[in-house]
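Undergrad: As input, take coords.txt (compact mmCIF, C-alpha atoms and all ligand atoms):
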```
# COMPACT_ATOMS: atom_id res chain seq x y z
CA MET A 1 14.09 -7.61 33.66
CA SER A 2 16.99 -5.36 32.85
CA SER A 3 17.03 -1.86 34.27
CA LEU A 4 17.27 -0.34 30.80
CA PHE A 5 14.10 -2.12 29.76
CA GLU A 6 12.36 -0.99 32.94
CA LYS A 7 13.45 2.56 32.21
CA LYS A 8 12.01 2.31 28.72
CA LEU A 9 8.75 0.87 29.97
CA LYS A 10 8.31 3.79 32.34
CA LYS A 11 8.43 6.14 29.38
CA VAL A 12 5.53 4.34 27.71
CA ARG A 13 2.61 6.71 27.71
CA TYR A 14 0.18 7.89 25.07
CA PRO A 15 0.40 11.53 24.02
CA ASN A 16 -2.42 13.67 25.43
CA VAL A 17 -4.31 13.83 22.14
CA MET A 18 -4.37 10.06 21.78
CA MET A 19 -5.50 9.64 25.39
CA ARG A 20 -8.57 11.71 24.54
CA TYR A 21 -9.55 9.78 21.42
CA PHE A 22 -8.62 6.12 21.82
CA ASN A 23 -10.58 4.74 24.69
CA ASN A 24 -12.52 2.45 22.35
CA ASN A 25 -10.44 0.67 19.77
CA ASP A 26 -13.03 0.32 17.03
CA TYR A 27 -13.95 3.97 17.36
CA PHE A 28 -12.76 5.03 13.94
CA ASP A 29 -14.20 2.18 12.00
CA THR A 30 -17.90 2.64 12.33
CA LYS A 31 -18.73 5.06 15.09
CA ALA A 32 -16.71 8.20 14.56
CA THR A 33 -18.54 11.15 13.12
CA THR A 34 -16.82 13.40 10.62
CA LYS A 35 -16.82 16.17 13.18
CA LYS A 36 -15.02 14.08 15.77
CA ILE A 37 -12.46 12.86 13.24
CA GLU A 38 -11.81 16.45 12.18
CA GLN A 39 -11.33 17.46 15.81
CA PHE A 40 -8.88 14.58 16.29
CA HIS A 41 -7.00 15.65 13.16
CA LEU A 42 -6.80 19.26 14.28
CA ASP A 43 -5.65 18.35 17.80
CA SER A 44 -3.05 15.95 16.40
CA ILE A 45 -1.60 18.36 13.88
CA ARG A 46 -1.37 21.12 16.48
CA GLU A 47 0.46 18.92 18.95
CA ILE A 48 2.74 17.23 16.41
CA SER A 49 3.71 20.44 14.60
CA LYS A 50 4.47 22.11 17.93
CA LYS A 51 6.82 19.26 18.81
CA ALA A 52 8.38 19.38 15.35
CA TYR A 53 8.95 23.15 15.66
CA LYS A 54 10.43 22.87 19.14
CA ASP A 55 12.64 19.81 18.71
CA ASN A 56 13.58 19.62 15.02
CA GLU A 57 15.67 22.24 13.26
CA PHE A 58 14.73 21.10 9.77
CA TYR A 59 11.00 21.50 10.42
CA ARG A 60 11.54 24.74 12.35
CA ASN A 61 13.43 26.28 9.41
CA LYS A 62 10.79 25.12 6.95
CA MET A 63 7.96 26.60 9.02
CA ASP A 64 9.87 29.86 9.56
CA GLN A 65 10.43 30.15 5.82
CA ALA A 66 6.75 29.52 5.16
CA GLY A 67 5.89 32.17 7.76
CA ILE A 68 3.79 29.88 9.91
CA HIS A 69 4.11 29.08 13.59
CA PRO A 70 2.27 26.04 15.03
CA ASN A 71 0.45 28.34 17.48
CA GLN A 72 -1.27 29.94 14.47
CA ILE A 73 -2.98 26.65 13.53
CA LYS A 74 -6.58 27.17 14.66
CA THR A 75 -8.59 25.24 12.09
CA LEU A 76 -8.02 22.18 9.93
CA GLU A 77 -7.69 24.47 6.90
CA ASP A 78 -4.61 26.01 8.55
CA LEU A 79 -2.85 22.70 7.88
CA GLN A 80 -2.52 23.99 4.30
CA ARG A 81 -0.24 26.76 5.55
CA LEU A 82 2.35 24.23 6.73
CA PRO A 83 5.11 23.54 4.17
CA LEU A 84 5.07 20.38 2.04
CA LEU A 85 7.67 17.68 2.59
CA THR A 86 9.25 15.96 -0.42
CA LYS A 87 11.07 12.66 -0.90
CA ASP A 88 14.13 14.54 -2.12
CA GLU A 89 14.41 16.34 1.21
CA LEU A 90 14.65 12.95 2.93
CA ARG A 91 17.03 11.19 0.54
CA GLY A 92 20.40 10.35 2.06
CA LYS A 93 19.53 12.14 5.34
CA PRO A 94 18.68 9.37 7.80
CA TYR A 95 18.12 11.46 10.95
CA ILE A 96 16.46 14.52 9.49
CA LEU A 97 12.97 13.95 10.96
CA LEU A 98 13.95 13.20 14.56
CA THR A 99 12.32 15.07 17.43
CA CYS A 100 13.79 12.56 19.89
CA GLU A 101 17.24 11.40 20.94
CA LYS A 102 19.04 9.15 18.47
CA GLU A 103 19.28 6.45 21.15
CA ASP A 104 15.49 6.29 21.36
CA ILE A 105 15.22 5.04 17.77
CA ALA A 106 14.14 1.41 17.86
CA LEU A 107 13.79 0.59 14.17
CA VAL A 108 15.19 1.85 10.87
CA GLN A 109 13.50 0.98 7.59
CA VAL A 110 14.88 1.71 4.15
CA SER A 111 13.06 2.60 0.97
CA THR A 112 13.10 -0.14 -1.65
CA GLY A 113 13.87 2.62 -4.11
CA THR A 114 11.53 1.99 -7.04
CA THR A 115 11.71 5.65 -8.01
CA GLY A 116 15.51 5.93 -7.90
CA GLY A 117 17.90 8.28 -6.12
CA GLU A 118 19.53 8.11 -2.70
CA GLU A 119 17.94 5.93 -0.02
CA ILE A 120 15.15 7.17 2.21
CA TYR A 121 15.44 5.95 5.79
CA MET A 122 12.45 5.92 8.09
CA MET A 123 13.12 5.79 11.81
CA TYR A 124 10.71 4.83 14.55
CA THR A 125 10.77 4.93 18.30
CA TRP A 126 9.15 2.01 20.08
CA ASN A 127 6.31 4.32 21.16
CA ASP A 128 5.52 5.44 17.62
CA TYR A 129 5.99 2.04 16.02
CA TYR A 130 4.08 -0.09 18.51
CA LEU A 131 2.14 1.86 21.05
CA HIS A 132 0.76 4.63 18.83
CA ASP A 133 0.44 2.78 15.54
CA LEU A 134 -1.49 -0.11 17.08
CA ALA A 135 -3.82 2.07 19.20
CA PRO A 136 -6.57 2.42 16.59
CA ARG A 137 -7.99 -0.51 14.64
CA TYR A 138 -10.39 -0.95 11.74
CA PRO A 139 -12.06 -4.24 12.69
CA LYS A 140 -14.87 -3.96 10.17
CA LEU A 141 -12.51 -3.29 7.28
CA PHE A 142 -9.70 -5.58 8.40
CA PRO A 143 -11.40 -8.41 10.29
CA VAL A 144 -8.56 -10.38 11.84
CA ASP A 145 -9.19 -11.77 15.32
CA PRO A 146 -7.56 -13.89 18.02
CA GLY A 147 -7.57 -17.48 16.78
CA ASP A 148 -6.97 -16.54 13.15
CA VAL A 149 -3.84 -17.99 11.56
CA CYS A 150 -2.27 -15.44 9.20
CA LEU A 151 0.27 -16.28 6.54
CA ASN A 152 2.43 -13.21 6.00
CA GLY A 153 3.79 -13.50 2.46
CA LEU A 154 5.33 -10.03 2.33
CA PRO A 155 9.05 -9.23 2.31
CA TYR A 156 10.66 -8.81 5.73
CA GLU A 157 14.10 -7.78 4.51
CA MET A 158 14.81 -4.31 3.13
CA SER A 159 11.11 -3.60 3.15
CA ALA A 160 8.73 -2.23 5.78
CA ALA A 161 5.76 -4.34 4.66
CA GLY A 162 6.54 -7.74 6.23
CA LEU A 163 7.31 -6.42 9.70
CA ALA A 164 4.44 -3.94 9.65
CA PHE A 165 1.83 -6.65 9.05
CA HIS A 166 3.66 -9.00 11.39
CA LYS A 167 3.11 -6.62 14.31
CA THR A 168 -0.47 -5.84 13.18
CA PHE A 169 -1.41 -9.55 13.11
CA MET A 170 0.49 -10.56 16.23
CA GLU A 171 0.22 -7.57 18.57
CA GLY A 172 -2.61 -5.57 17.01
CA CYS A 173 -5.10 -8.34 16.24
CA GLN A 174 -3.64 -10.91 18.66
CA ALA A 175 -3.83 -13.51 15.95
CA THR A 176 -1.25 -16.15 15.01
CA VAL A 177 1.24 -15.05 12.38
CA ILE A 178 3.36 -17.22 10.07
CA PRO A 179 6.30 -15.12 8.81
CA ALA A 180 6.64 -16.76 5.39
CA GLY A 181 8.19 -13.72 3.70
CA LYS A 182 8.40 -13.23 -0.03
CA GLY A 183 11.38 -13.62 -2.31
CA GLY A 184 13.95 -13.76 0.51
CA ALA A 185 16.80 -16.26 0.81
CA TYR A 186 14.59 -18.88 2.46
CA SER A 187 11.11 -17.91 1.38
CA THR A 188 10.57 -19.99 -1.74
CA PRO A 189 7.04 -20.69 -3.00
CA LYS A 190 7.73 -24.41 -2.35
CA LYS A 191 8.53 -23.87 1.31
CA THR A 192 5.68 -21.41 1.74
CA LEU A 193 3.22 -23.92 0.33
CA LYS A 194 4.54 -26.58 2.69
CA MET A 195 3.76 -24.24 5.59
CA ILE A 196 0.31 -23.58 4.15
CA ARG A 197 -0.38 -27.33 3.97
CA ASP A 198 0.93 -27.97 7.48
CA LEU A 199 -0.50 -24.96 9.31
CA GLN A 200 -3.74 -24.27 7.36
CA PRO A 201 -3.84 -20.45 7.61
CA ASN A 202 -7.24 -18.76 7.25
CA VAL A 203 -5.86 -15.31 6.36
CA VAL A 204 -3.18 -14.67 3.72
CA ILE A 205 -1.46 -11.43 2.81
CA THR A 206 0.92 -11.07 -0.13
CA SER A 207 1.29 -9.28 -3.47
CA PRO A 208 -0.94 -10.20 -6.44
CA SER A 209 1.90 -11.79 -8.42
CA TRP A 210 3.16 -13.78 -5.42
CA ALA A 211 -0.38 -15.02 -4.76
CA MET A 212 -0.38 -16.30 -8.34
CA LEU A 213 3.03 -17.89 -7.87
CA LEU A 214 1.80 -19.72 -4.75
CA ALA A 215 -1.27 -20.81 -6.68
CA GLU A 216 0.95 -22.26 -9.36
CA GLU A 217 2.97 -24.15 -6.75
CA ALA A 218 -0.27 -25.44 -5.20
CA GLU A 219 -1.40 -26.75 -8.55
CA GLU A 220 1.91 -28.50 -9.04
CA GLN A 221 1.62 -30.14 -5.62
CA GLU A 222 -2.06 -30.89 -6.24
CA PHE A 223 -3.15 -28.94 -3.21
CA ASP A 224 -6.56 -27.27 -3.38
CA LEU A 225 -6.21 -23.74 -1.96
CA GLN A 226 -9.99 -23.49 -1.66
CA SER A 227 -9.84 -26.15 1.06
CA LEU A 228 -8.30 -23.50 3.35
CA GLN A 229 -11.60 -21.59 3.33
CA LEU A 230 -9.78 -18.29 3.79
CA LYS A 231 -11.56 -15.38 5.47
CA ASN A 232 -9.68 -13.05 3.15
CA LEU A 233 -6.82 -12.86 0.75
CA TRP A 234 -5.12 -9.50 1.31
CA LEU A 235 -3.14 -7.95 -1.51
CA THR A 236 -0.61 -5.13 -1.31
CA GLY A 237 2.74 -3.96 -2.64
CA GLU A 238 1.70 -3.79 -6.28
CA GLY A 239 -1.54 -3.25 -8.16
CA CYS A 240 -3.46 -5.46 -10.54
CA SER A 241 -6.52 -5.27 -12.75
CA PRO A 242 -9.97 -6.37 -11.56
CA ALA A 243 -9.81 -9.31 -13.98
CA PHE A 244 -6.50 -10.52 -12.52
CA ARG A 245 -7.94 -10.18 -9.03
CA GLU A 246 -10.97 -12.26 -10.09
CA ARG A 247 -8.64 -15.01 -11.28
CA LEU A 248 -6.96 -14.99 -7.84
CA GLU A 249 -10.32 -15.05 -6.07
CA ARG A 250 -11.43 -18.08 -8.11
CA ILE A 251 -8.22 -20.00 -7.39
CA TRP A 252 -8.03 -19.12 -3.68
CA GLY A 253 -11.80 -19.38 -3.18
CA THR A 254 -12.18 -16.12 -1.25
CA THR A 255 -12.52 -12.36 -1.52
CA ALA A 256 -9.29 -10.56 -2.32
CA ASN A 257 -9.04 -7.01 -0.96
CA PHE A 258 -6.29 -4.46 -1.37
CA PHE A 259 -4.38 -2.61 1.30
CA TYR A 260 -2.57 0.62 0.44
CA GLY A 261 0.31 2.09 2.36
CA SER A 262 3.90 3.16 1.97
CA LEU A 263 7.23 3.02 3.73
CA GLU A 264 7.07 6.68 4.66
CA CYS A 265 3.44 6.86 5.77
CA GLY A 266 2.38 3.38 6.90
CA VAL A 267 -1.26 2.41 6.36
CA LEU A 268 -3.29 4.83 4.24
CA GLY A 269 -6.22 2.92 2.80
CA ILE A 270 -8.14 -0.34 3.16
CA GLU A 271 -10.50 -1.74 0.57
CA CYS A 272 -13.91 -3.01 1.65
CA ASP A 273 -15.69 -5.91 -0.06
CA ASP A 274 -17.27 -3.47 -2.53
CA HIS A 275 -13.90 -3.32 -4.33
CA ASP A 276 -14.49 0.29 -5.21
CA GLY A 277 -11.85 2.57 -3.75
CA TYR A 278 -9.95 2.56 -0.45
CA HIS A 279 -11.43 3.71 2.83
CA LEU A 280 -9.07 6.27 4.29
CA ALA A 281 -7.26 5.10 7.43
CA GLN A 282 -8.19 8.38 9.12
CA ALA A 283 -7.01 7.37 12.57
CA HIS A 284 -3.49 7.08 11.16
CA ALA A 285 -3.33 9.81 8.57
CA ILE A 286 -4.72 13.06 7.24
CA VAL A 287 -4.83 12.85 3.46
CA GLU A 288 -4.96 15.91 1.19
CA ILE A 289 -5.01 16.03 -2.59
CA ILE A 290 -2.89 18.80 -4.10
CA ASP A 291 -2.19 20.17 -7.54
CA PRO A 292 1.28 18.71 -8.23
CA GLU A 293 2.32 21.90 -10.07
CA THR A 294 1.11 24.63 -7.71
CA GLY A 295 0.84 22.75 -4.41
CA GLU A 296 -2.72 24.10 -3.92
CA VAL A 297 -5.16 21.83 -2.13
CA LEU A 298 -7.81 20.56 -4.56
CA GLU A 299 -11.56 20.08 -4.13
CA GLU A 300 -13.15 16.70 -3.40
CA GLY A 301 -13.26 14.69 -6.62
CA ASP A 302 -10.33 16.42 -8.34
CA ILE A 303 -7.36 14.23 -9.27
CA GLY A 304 -4.02 15.31 -7.83
CA GLU A 305 -1.05 14.21 -5.77
CA ILE A 306 -1.72 12.44 -2.46
CA VAL A 307 -0.21 14.31 0.50
CA VAL A 308 -0.07 12.67 3.92
CA THR A 309 0.26 13.90 7.49
CA SER A 310 0.68 11.16 10.06
CA THR A 311 -1.53 11.65 13.13
CA LEU A 312 0.33 9.12 15.28
CA ARG A 313 4.01 9.84 14.67
CA TYR A 314 5.43 12.11 17.36
CA ASP A 315 9.12 11.25 17.38
CA THR A 316 9.75 11.36 13.63
CA PRO A 317 6.84 13.48 12.40
CA ILE A 318 5.54 13.19 8.86
CA ILE A 319 3.91 16.51 8.03
CA ARG A 320 2.40 17.06 4.56
CA PHE A 321 4.49 14.45 2.81
CA ARG A 322 4.18 14.32 -0.98
CA THR A 323 3.75 10.64 -1.89
CA GLY A 324 4.11 11.01 -5.66
CA ASP A 325 0.94 8.91 -6.04
CA LEU A 326 -2.03 10.37 -7.87
CA GLY A 327 -5.61 10.00 -6.72
CA TYR A 328 -8.83 11.68 -5.63
CA ILE A 329 -11.16 11.63 -2.64
CA ASP A 330 -14.88 10.84 -2.72
CA LYS A 331 -16.94 11.43 0.41
CA THR A 332 -20.12 9.77 -0.88
CA PRO A 333 -21.21 7.19 1.73
CA CYS A 334 -20.17 3.64 0.87
CA SER A 335 -22.75 0.85 0.79
CA CYS A 336 -20.61 -1.24 3.18
CA GLY A 337 -21.56 1.06 6.05
CA VAL A 338 -18.05 2.20 6.99
CA THR A 339 -18.18 5.98 7.39
CA LEU A 340 -14.55 6.70 6.49
CA PRO A 341 -14.35 8.56 3.14
CA LYS A 342 -12.83 6.77 0.18
CA PHE A 343 -10.02 7.59 -2.17
CA TYR A 344 -9.16 6.27 -5.58
CA LEU A 345 -5.64 5.76 -6.87
CA ARG A 346 -4.71 6.87 -10.34
CA GLY A 347 -1.21 5.43 -10.52
CA ARG A 348 2.05 7.12 -11.30
CA VAL A 349 2.84 8.93 -14.50
CA ALA A 350 6.12 6.99 -14.73
CA ASP A 351 4.38 3.59 -14.99
CA GLN A 352 2.24 4.47 -17.98
CA ILE A 353 2.59 3.06 -21.49
CA ARG A 354 2.98 5.65 -24.23
CA TYR A 355 0.75 5.06 -27.21
CA LYS A 356 0.37 7.49 -30.12
CA GLY A 357 0.90 10.62 -28.04
CA THR A 358 -1.30 9.54 -25.13
CA THR A 359 -0.55 7.44 -22.07
CA LEU A 360 -2.28 4.23 -21.00
CA SER A 361 -2.34 2.48 -17.66
CA PRO A 362 -0.97 -1.06 -17.87
CA PHE A 363 -3.84 -2.16 -15.58
CA TYR A 364 -6.34 -0.92 -18.16
CA LEU A 365 -4.74 -3.17 -20.79
CA GLU A 366 -4.28 -6.03 -18.30
CA GLU A 367 -7.99 -5.92 -17.53
CA PHE A 368 -8.89 -6.83 -21.13
CA LEU A 369 -6.04 -9.33 -21.43
CA MET A 370 -7.06 -11.22 -18.28
CA ARG A 371 -10.61 -11.56 -19.62
CA GLN A 372 -9.28 -13.73 -22.48
CA GLN A 373 -9.64 -17.31 -21.30
CA GLU A 374 -6.89 -18.58 -23.60
CA VAL A 375 -4.30 -16.31 -21.96
CA GLY A 376 -2.39 -17.75 -18.98
CA ASN A 377 -1.59 -15.98 -15.72
CA TRP A 378 1.83 -14.62 -16.71
CA PHE A 379 2.32 -11.83 -19.22
CA GLU A 380 4.20 -8.63 -19.96
CA PHE A 381 3.76 -5.63 -22.21
CA VAL A 382 6.83 -4.99 -24.37
CA VAL A 383 7.28 -1.31 -25.22
CA ASN A 384 9.73 1.07 -26.85
CA GLU A 385 11.18 3.31 -24.23
CA ASP A 386 12.24 6.16 -26.44
CA SER A 387 9.37 6.53 -28.82
CA ASP A 388 5.61 6.15 -28.97
CA ASN A 389 4.24 2.66 -29.45
CA GLU A 390 2.21 2.16 -32.63
CA VAL A 391 0.98 -1.22 -31.44
CA ILE A 392 1.02 -2.79 -28.01
CA ARG A 393 3.09 -5.97 -27.90
CA VAL A 394 1.96 -8.66 -25.47
CA ARG A 395 4.26 -11.50 -24.47
CA CYS A 396 2.34 -14.14 -22.57
CA GLU A 397 1.90 -17.72 -21.56
CA LEU A 398 -1.22 -19.59 -22.59
CA ALA A 399 -3.74 -21.20 -20.25
CA ASN A 400 -3.32 -24.90 -19.50
CA GLY A 401 -4.14 -27.07 -22.51
CA VAL A 402 -4.23 -24.17 -25.02
CA ARG A 403 -1.88 -24.67 -27.97
CA PRO A 404 -0.03 -21.73 -29.50
CA SER A 405 -0.78 -20.91 -33.12
CA LYS A 406 -0.69 -18.02 -35.54
CA GLU A 407 -4.48 -18.13 -35.77
CA LEU A 408 -4.85 -17.83 -32.01
CA ALA A 409 -2.48 -14.84 -31.98
CA GLU A 410 -4.59 -13.15 -34.66
CA GLN A 411 -7.83 -14.00 -32.89
CA LEU A 412 -6.59 -12.54 -29.60
CA SER A 413 -5.22 -9.44 -31.34
CA SER A 414 -8.50 -8.68 -32.97
CA LYS A 415 -10.50 -9.34 -29.78
CA MET A 416 -8.23 -6.99 -27.85
CA GLU A 417 -8.42 -4.33 -30.56
CA PHE A 418 -12.21 -4.63 -30.62
CA SER A 419 -12.41 -4.04 -26.83
CA THR A 420 -9.81 -1.32 -26.50
CA GLY A 421 -9.56 0.29 -29.94
CA ILE A 422 -5.80 -0.25 -29.83
CA PRO A 423 -3.85 -2.62 -32.11
CA PHE A 424 -2.07 -5.52 -30.40
CA THR A 425 0.41 -8.20 -31.39
CA PHE A 426 0.88 -11.42 -29.44
CA GLU A 427 3.93 -13.50 -28.75
CA PHE A 428 3.40 -16.78 -26.91
CA VAL A 429 6.13 -18.20 -24.70
CA LYS A 430 6.24 -21.47 -22.81
CA GLN A 431 7.33 -19.84 -19.57
CA LEU A 432 8.12 -16.27 -18.56
CA PRO A 433 10.64 -15.80 -15.76
CA ARG A 434 8.90 -15.73 -12.35
CA PRO A 435 9.33 -12.53 -10.31
CA GLN A 436 11.65 -12.44 -7.31
CA GLY A 437 10.85 -8.92 -6.15
CA LYS A 438 8.22 -6.63 -7.61
CA THR A 439 6.61 -7.87 -10.78
CA ARG A 440 7.20 -5.79 -13.85
CA ARG A 441 4.32 -5.89 -16.28
CA VAL A 442 5.88 -3.34 -18.63
CA VAL A 443 9.29 -4.19 -20.08
CA THR A 444 11.34 -2.25 -22.58
CA GLU A 445 13.21 -3.70 -25.48
ZN ZN B 501 -16.94 0.45 1.82
```
Turn this file's structure into structure tokens for me.
TA:
Amino acid sequence: MSSLFEKKLKKVRYPNVMMRYFNNNDYFDTKATTKKIEQFHLDSIREISKKAYKDNEFYRNKMDQAGIHPNQIKTLEDLQRLPLLTKDELRGKPYILLTCEKEDIALVQVSTGTTGGEEIYMMYTWNDYYLHDLAPRYPKLFPVDPGDVCLNGLPYEMSAAGLAFHKTFMEGCQATVIPAGKGGAYSTPKKTLKMIRDLQPNVVITSPSWAMLLAEEAEEQEFDLQSLQLKNLWLTGEGCSPAFRERLERIWGTTANFFYGSLECGVLGIECDDHDGYHLAQAHAIVEIIDPETGEVLEEGDIGEIVVTSTLRYDTPIIRFRTGDLGYIDKTPCSCGVTLPKFYLRGRVADQIRYKGTTLSPFYLEEFLMRQQEVGNWFEFVVNEDSDNEVIRVRCELANGVRPSKELAEQLSSKMEFSTGIPFTFEFVKQLPRPQGKTRRVVTE
């Protein structure tokens, strides 16, 4: 063992707050009371903001400008007095969040940049990335155990997702992980399916469109995915409609649940089998909903921007980070028995389709489209970028054995208009290009 490694190991120690709360690793899943979680949140924010004020000039200046000192934080409501953190403040400034020495940084992740602008770099010390992040678990929501074989079909390169689940499966759950990747130089659907056939995973995580791509490859190779008898198919990285999810569940022969997180914040929400909202990952994050215009914190049930404070990041603190995602919180108890409150995502304004002066979610339209048996698994909505759309144009493949015809296009148009009240036109293509990175369901022409 090298002396440097020994030196690093000696520094491994949980912060005081975590020592008090994580003596039982399924604590937050089923047993924690709201009061205890709130106490953990308050203790964490006090300790983390103190460290940020002491060791980080950027945070210190922000807090001074807002007229708040960490010592003044006495209740959880006082969190609202801390200044908000925006993506623009982080763009192009790799080291801005550090409260540690630069040499202590173990990992740098970069934003995949779907919203444009300069890169956002997220830095982690070994302590934050491994020790702290893996301390709490949600075994009831994310049941992965030693002995499980997990196919990780998320991107490892230029994305935080692949590595994050890799460490969760391998170190967190002590399961077996297969780093298949997604869309990288070597991670073709063909090769991934070969690994699935050879290694018979019982847990799979990937994006909805990649799960469909693997299903297509399986069909081509005449391999029955249902024979895997998966515990779960986990989906993340992009959304999909309930009807698209149901198609995946039928093909893969298992429940498909969503996981929500981001490069900047890590895990934020995990869906239970009810498929109705995400349970908040409250051991990892404090989530607030704010009015995007005024920055005021909104009441439970009101839709606003999701703001995140990480409870486990001490060396590169994330305090009141504006995610740009819209959603709302509902504290009504869930029938699954998990006590963590739930939140519901309401997408991004930028991804909406404009139609006659209003905006529509592509998932809303996809939901009706995927209920049409004649329609295949690959489709896109073709829209005008600069003006309102009078009709919604659908370009799609047809299901196996269905022949394209003008009559079918008319039939589908009228069925879609009957369900949604919106006029549609259909264009059938033999094959749409398959996605390499994120799937785009809305294309401009
Ligand atoms: Zn639930």
Undergrad: Could you pull out the residues sitting within 7 Å of ligand ZN 501 (chain B), using only C-alpha atoms and all ligand atoms, and write them as a ChimeraX atom specification?
TA: /A:271-274,279,334-338
Undergrad: What are the closest atom pairs, with distances in Å to one decimal, for all residues of stretch 276-372 of chain A lying within 10 Å of stretch 38-56 of chain A? Consider all atoms listed in the file, order rows by chain and residue number, and present the result as CSV.
TA:
```
residue,atom,partner,partner_atom,distance
A:Gln282,CA,A:His41,CA,8.4
A:Ala283,CA,A:His41,CA,8.3
A:His284,CA,A:His41,CA,9.5
A:Ala285,CA,A:His41,CA,8.3
A:Ile286,CA,A:His41,CA,6.9
A:Thr309,CA,A:Ile45,CA,8.0
A:Ser310,CA,A:Ile45,CA,8.5
A:Thr311,CA,A:Ser44,CA,5.6
A:Leu312,CA,A:Ser44,CA,7.7
A:Arg313,CA,A:Ile48,CA,7.7
A:Tyr314,CA,A:Ile48,CA,5.9
A:Asp315,CA,A:Ala52,CA,8.4
A:Thr316,CA,A:Ala52,CA,8.3
A:Pro317,CA,A:Ala52,CA,6.8
A:Ile318,CA,A:Ile48,CA,9.0
A:Ile319,CA,A:Ser49,CA,7.7
```
Undergrad: If you keep C-alpha atoms, can you produce a file of those selected residues as a PDB file, in the coordinates of the input?
TA:
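So the final result, stored in again.pdb, reads:
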```pdb
ATOM      1  CA  GLN A 282      -8.190   8.380   9.120  1.00  0.00           C
ATOM      2  CA  ALA A 283      -7.010   7.370  12.570  1.00  0.00           C
ATOM      3  CA  HIS A 284      -3.490   7.080  11.160  1.00  0.00           C
ATOM      4  CA  ALA A 285      -3.330   9.810   8.570  1.00  0.00           C
ATOM      5  CA  ILE A 286      -4.720  13.060   7.240  1.00  0.00           C
ATOM      6  CA  THR A 309       0.260  13.900   7.490  1.00  0.00           C
ATOM      7  CA  SER A 310       0.680  11.160  10.060  1.00  0.00           C
ATOM      8  CA  THR A 311      -1.530  11.650  13.130  1.00  0.00           C
ATOM      9  CA  LEU A 312       0.330   9.120  15.280  1.00  0.00           C
ATOM     10  CA  ARG A 313       4.010   9.840  14.670  1.00  0.00           C
ATOM     11  CA  TYR A 314       5.430  12.110  17.360  1.00  0.00           C
ATOM     12  CA  ASP A 315       9.120  11.250  17.380  1.00  0.00           C
ATOM     13  CA  THR A 316       9.750  11.360  13.630  1.00  0.00           C
ATOM     14  CA  PRO A 317       6.840  13.480  12.400  1.00  0.00           C
ATOM     15  CA  ILE A 318       5.540  13.190   8.860  1.00  0.00           C
ATOM     16  CA  ILE A 319       3.910  16.510   8.030  1.00  0.00           C
TER      17      ILE A 319
END
```
Undergrad: Stretch 128-134 of chain A: which residues within 12 Å, counting all atoms listed in the file, same-chain residues fewer than 6 positions away excluded, as an MDAnalysis selection string?
TA: chainID A and resid 9 11:19 21:22 25:26 98:100 104:109 122 160 163:174 265:267 281 283:285 310:318
Undergrad: Give the answer as one residue: which of A:Lys190, A:Arg403, A:Arg371, A:Arg441 has the shortest atom-to-atom distance to A:Ser419, using all atoms listed in the file?
TA: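 For A:Ser419, the nearest of the given residues is A:Arg371.
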Undergrad: Using atom CA of A:Leu248 and atom CA of A:Ala211 as the two end points, give the distance in Å to one decimal.
TA: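 So the answer is 7.3 Å.
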Undergrad: I'd like to know which of A:Glu397, A:Glu249, A:Asp148, A:Asp386 is closest to A:Gln373, using only C-alpha atoms.
TA: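 Looking only at the distances to A:Gln373, the closest residue turns out to be A:Glu397.
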Undergrad: Taking all atoms listed in the file into account, name the residue in A:Ile73, A:Ile37, A:Gly117, A:Phe428 that is nearest to A:Leu280.
TA: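 Using all atoms listed in the file, A:Leu280 sits closest to A:Ile37.
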Undergrad: Rank nothing, just name the residue among A:Leu90, A:Val177, A:Leu340, A:Val429 nearest to A:Thr33, using all atoms listed in the file.
TA: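 Of A:Leu90, A:Val177, A:Leu340, A:Val429, the one nearest A:Thr33, counting all atoms listed in the file, is A:Leu340.
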Undergrad: Find the spatial neighbours of A:Leu345, counting only C-alpha atoms, within a cut-off of 7 Å - ignore same-chain residues fewer than 3 positions away - and output them as a PyMOL selection string.
TA: chain A and resi 326-328
Undergrad: Those same residues, written as a compact mmCIF listing (two decimals), in the coordinates of the input with C-alpha atoms?
TA:
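Output (part-v6.txt):
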```
# COMPACT_ATOMS: atom_id res chain seq x y z
CA LEU A 326 -2.03 10.37 -7.87
CA GLY A 327 -5.61 10.00 -6.72
CA TYR A 328 -8.83 11.68 -5.63
```
